Amino acid sequence: MEAIQNKTTHKIAGIKNAGWVIVCCFIIAVCIYNFLLGNPANFMNNDPNNHPLPGNFLGTIYKGGIVVPIIQTLLLTVIALSFERYFAIRSAFGKGSLVKFVANIKSALAAGDMKKAQELCDKQGGSVANVVTSTLKKYADVENDSTLSKDQKVLAIQKELEEATALELPMMEQNLPVIGTITTLGT
């Protein structure tokens with residue numbers, strides 16, 4: 001278990017608190033509402049209390065009222081968190097091609113070269129490599145343990161795989177409920 005925690009320190013943490021993102025997006029949305037959409041040049045007689053100029057969509061959007069910055073906040077929040085999720089999940093793949101990494105791991109394990117498989121994991125980095133590393137270490141531990149039956153060894157390896165995956169998943173699922181809630185509200 002200690003080895004897993006040491007390996008997972010190389011990942012990108014992402015945005016821990018989406019509340020601050022929402023607050024920042026709200027401030028940006030209010031600024032857009034007041035200074036861009038509410039610009040007097042968008043209205044007749046340069047007065048935001050008048051009708052918007054014909055064909056001026058910015059002034060027309062401004063006339064939507066207080067709901068406009070709220071909708072803009074939701075839009076900006078989803079965009080910001082989507083970018084954050086993209087970069088966080090890309091970091092989970094590691095440095096190289098994930099398909100090539102899995103193929104190389106399979107070939108190293110088929111040849112029985114655990115050291116090469118471990119080197120590949122260290123070179124790749126990311127969540128997938130972290131899970132493979134912890135599973136390889138557990139496999140090496142149980143392989144040399146003659147007190148365990150074959151079923152117990154398989155069970156121990158499966159348990160290690162599940163634990164390693166459970167340690168990596170929260171980073172990948174972070175902020176997804178916020179994005180899901182906002183997109184549901186968007187309809």
# chains A, B, ... in the order shown; residues from 1 in each chain; ligands from 1
$ residues_around --residues "segment 89-106 of chain A" --least-positions-apart "2" --cutoff "12 Å" --atoms "only C-alpha atoms" --output "PDB file with C-alpha atoms, in the first residue's frame"
ATOM      1  CA  THR A   8       0.599   8.506  -7.140  1.00  0.00           C
ATOM      2  CA  THR A   9       2.373  11.713  -6.142  1.00  0.00           C
ATOM      3  CA  HIS A  10       3.270  12.426  -9.791  1.00  0.00           C
ATOM      4  CA  LYS A  11      -0.276  13.178 -10.934  1.00  0.00           C
ATOM      5  CA  ILE A  12      -1.889  16.545 -11.587  1.00  0.00           C
ATOM      6  CA  ALA A  13      -4.326  17.261  -8.787  1.00  0.00           C
ATOM      7  CA  GLY A  14      -6.784  19.410 -10.705  1.00  0.00           C
ATOM      8  CA  LEU A  81     -14.182  22.713 -15.525  1.00  0.00           C
ATOM      9  CA  SER A  82     -14.249  20.884 -18.861  1.00  0.00           C
ATOM     10  CA  PHE A  83     -10.788  22.204 -19.681  1.00  0.00           C
ATOM     11  CA  GLU A  84      -9.605  21.249 -16.212  1.00  0.00           C
ATOM     12  CA  ARG A  85     -10.986  17.718 -16.597  1.00  0.00           C
ATOM     13  CA  TYR A  86      -9.394  17.371 -20.031  1.00  0.00           C
ATOM     14  CA  PHE A  87      -5.927  18.189 -18.720  1.00  0.00           C
ATOM     15  CA  ALA A 108       7.358  -7.919 -21.091  1.00  0.00           C
ATOM     16  CA  LEU A 109       5.090 -10.045 -18.915  1.00  0.00           C
ATOM     17  CA  ALA A 110       4.833 -12.746 -21.585  1.00  0.00           C
ATOM     18  CA  ALA A 111       8.634 -12.908 -21.570  1.00  0.00           C
ATOM     19  CA  GLY A 112       8.590 -13.027 -17.754  1.00  0.00           C
ATOM     20  CA  ASP A 113      10.635  -9.825 -17.466  1.00  0.00           C
ATOM     21  CA  MET A 114       9.140  -8.102 -14.407  1.00  0.00           C
ATOM     22  CA  LYS A 115      12.004  -5.623 -14.200  1.00  0.00           C
ATOM     23  CA  LYS A 116      11.366  -4.380 -17.736  1.00  0.00           C
ATOM     24  CA  ALA A 117       7.633  -4.101 -16.995  1.00  0.00           C
ATOM     25  CA  GLN A 118       8.428  -2.011 -13.913  1.00  0.00           C
ATOM     26  CA  GLU A 119      10.769   0.212 -15.934  1.00  0.00           C
ATOM     27  CA  LEU A 120       8.020   0.727 -18.513  1.00  0.00           C
ATOM     28  CA  CYS A 121       5.644   1.775 -15.739  1.00  0.00           C
ATOM     29  CA  ASP A 122       8.174   4.198 -14.295  1.00  0.00           C
ATOM     30  CA  LYS A 123       8.785   5.689 -17.741  1.00  0.00           C
ATOM     31  CA  GLN A 124       5.064   5.985 -18.593  1.00  0.00           C
ATOM     32  CA  GLY A 125       3.784   7.565 -15.381  1.00  0.00           C
ATOM     33  CA  GLY A 126       0.099   8.373 -14.911  1.00  0.00           C
ATOM     34  CA  SER A 127      -2.751   6.500 -13.278  1.00  0.00           C
ATOM     35  CA  VAL A 128      -2.669   3.426 -15.494  1.00  0.00           C
ATOM     36  CA  ALA A 129       1.034   2.909 -14.843  1.00  0.00           C
ATOM     37  CA  ASN A 130       0.463   3.412 -11.104  1.00  0.00           C
ATOM     38  CA  VAL A 131      -2.174   0.673 -11.062  1.00  0.00           C
ATOM     39  CA  VAL A 132       0.035  -1.684 -13.079  1.00  0.00           C
ATOM     40  CA  THR A 133       3.006  -0.947 -10.803  1.00  0.00           C
ATOM     41  CA  LEU A 136       3.189  -6.021 -10.352  1.00  0.00           C
ATOM     42  CA  THR A 165      -7.826   1.604  -8.916  1.00  0.00           C
ATOM     43  CA  GLU A 168      -6.676   6.614  -8.705  1.00  0.00           C
ATOM     44  CA  LEU A 169     -10.387   7.072  -9.485  1.00  0.00           C
ATOM     45  CA  PRO A 170     -11.170  10.067  -7.267  1.00  0.00           C
ATOM     46  CA  MET A 171      -8.702  12.217  -9.197  1.00  0.00           C
ATOM     47  CA  MET A 172     -10.398  11.263 -12.451  1.00  0.00           C
ATOM     48  CA  GLU A 173     -13.944  11.786 -11.146  1.00  0.00           C
ATOM     49  CA  GLN A 174     -13.232  15.117  -9.485  1.00  0.00           C
ATOM     50  CA  ASN A 175     -15.655  17.953 -10.464  1.00  0.00           C
ATOM     51  CA  LEU A 176     -17.705  15.684 -12.743  1.00  0.00           C
TER      52      LEU A 176
END
$ residues_around --residues "segment 177-179 of chain A" --least-positions-apart "3" --cutoff "7 Å" --atoms "only C-alpha atoms" --output "NGL selection string"
:A and (78 or 182-183)
$ residues_around --residues "Gln152 of chain A" --least-positions-apart "5" --cutoff "12 Å" --atoms "only C-alpha atoms" --output "list in words"
Tyr139, Val142, Glu143, Asp145, Ser146, Thr147, Ile157, Gln158 and Lys159 of chain A
$ atom_distance --atom1 "atom CA of Thr73 of chain A" --atom2 "atom CA of Pro48 of chain A"
21.7 Å
$ residues_around --residues "Ala164 of chain A" --least-positions-apart "3" --cutoff "7 Å" --atoms "only C-alpha atoms" --output "number ranges by chain"
A: 4, 131, 134, 160-161, 167-168
$ atom_distance --atom1 "atom CA of Phe57 of chain A" --atom2 "atom CA of Gly186 of chain A"
21.0 Å
$ atom_distance --atom1 "atom CA of Lys16 of chain A" --atom2 "atom CA of Pro69 of chain A"
24.2 Å
$ decode --residues "segment 18-41 of chain A" --atoms "C-alpha atoms" --output "CSV table (one decimal), in the first residue's frame"
chain,number,residue,atom,x,y,z
A,18,ALA,CA,-15.2,24.0,-7.8
A,19,GLY,CA,-17.0,26.6,-5.6
A,20,TRP,CA,-14.1,29.1,-6.3
A,21,VAL,CA,-14.4,28.4,-10.0
A,22,ILE,CA,-18.1,29.2,-9.8
A,23,VAL,CA,-17.5,32.4,-7.9
A,24,CYS,CA,-14.8,33.6,-10.3
A,25,CYS,CA,-17.1,32.8,-13.3
A,26,PHE,CA,-19.9,34.7,-11.7
A,27,ILE,CA,-17.7,37.8,-11.3
A,28,ILE,CA,-16.6,37.5,-14.9
A,29,ALA,CA,-20.2,37.1,-16.0
A,30,VAL,CA,-21.4,40.2,-14.1
A,31,CYS,CA,-18.5,42.1,-15.6
A,32,ILE,CA,-19.5,40.9,-19.1
A,33,TYR,CA,-23.2,41.8,-18.4
A,34,ASN,CA,-22.5,45.3,-17.1
A,35,PHE,CA,-19.6,46.4,-19.3
A,36,LEU,CA,-20.0,44.6,-22.6
A,37,LEU,CA,-23.7,43.8,-22.9
A,38,GLY,CA,-24.7,46.9,-20.9
A,39,ASN,CA,-22.4,49.3,-22.8
A,40,PRO,CA,-24.4,52.5,-23.6
A,41,ALA,CA,-23.2,52.2,-27.3
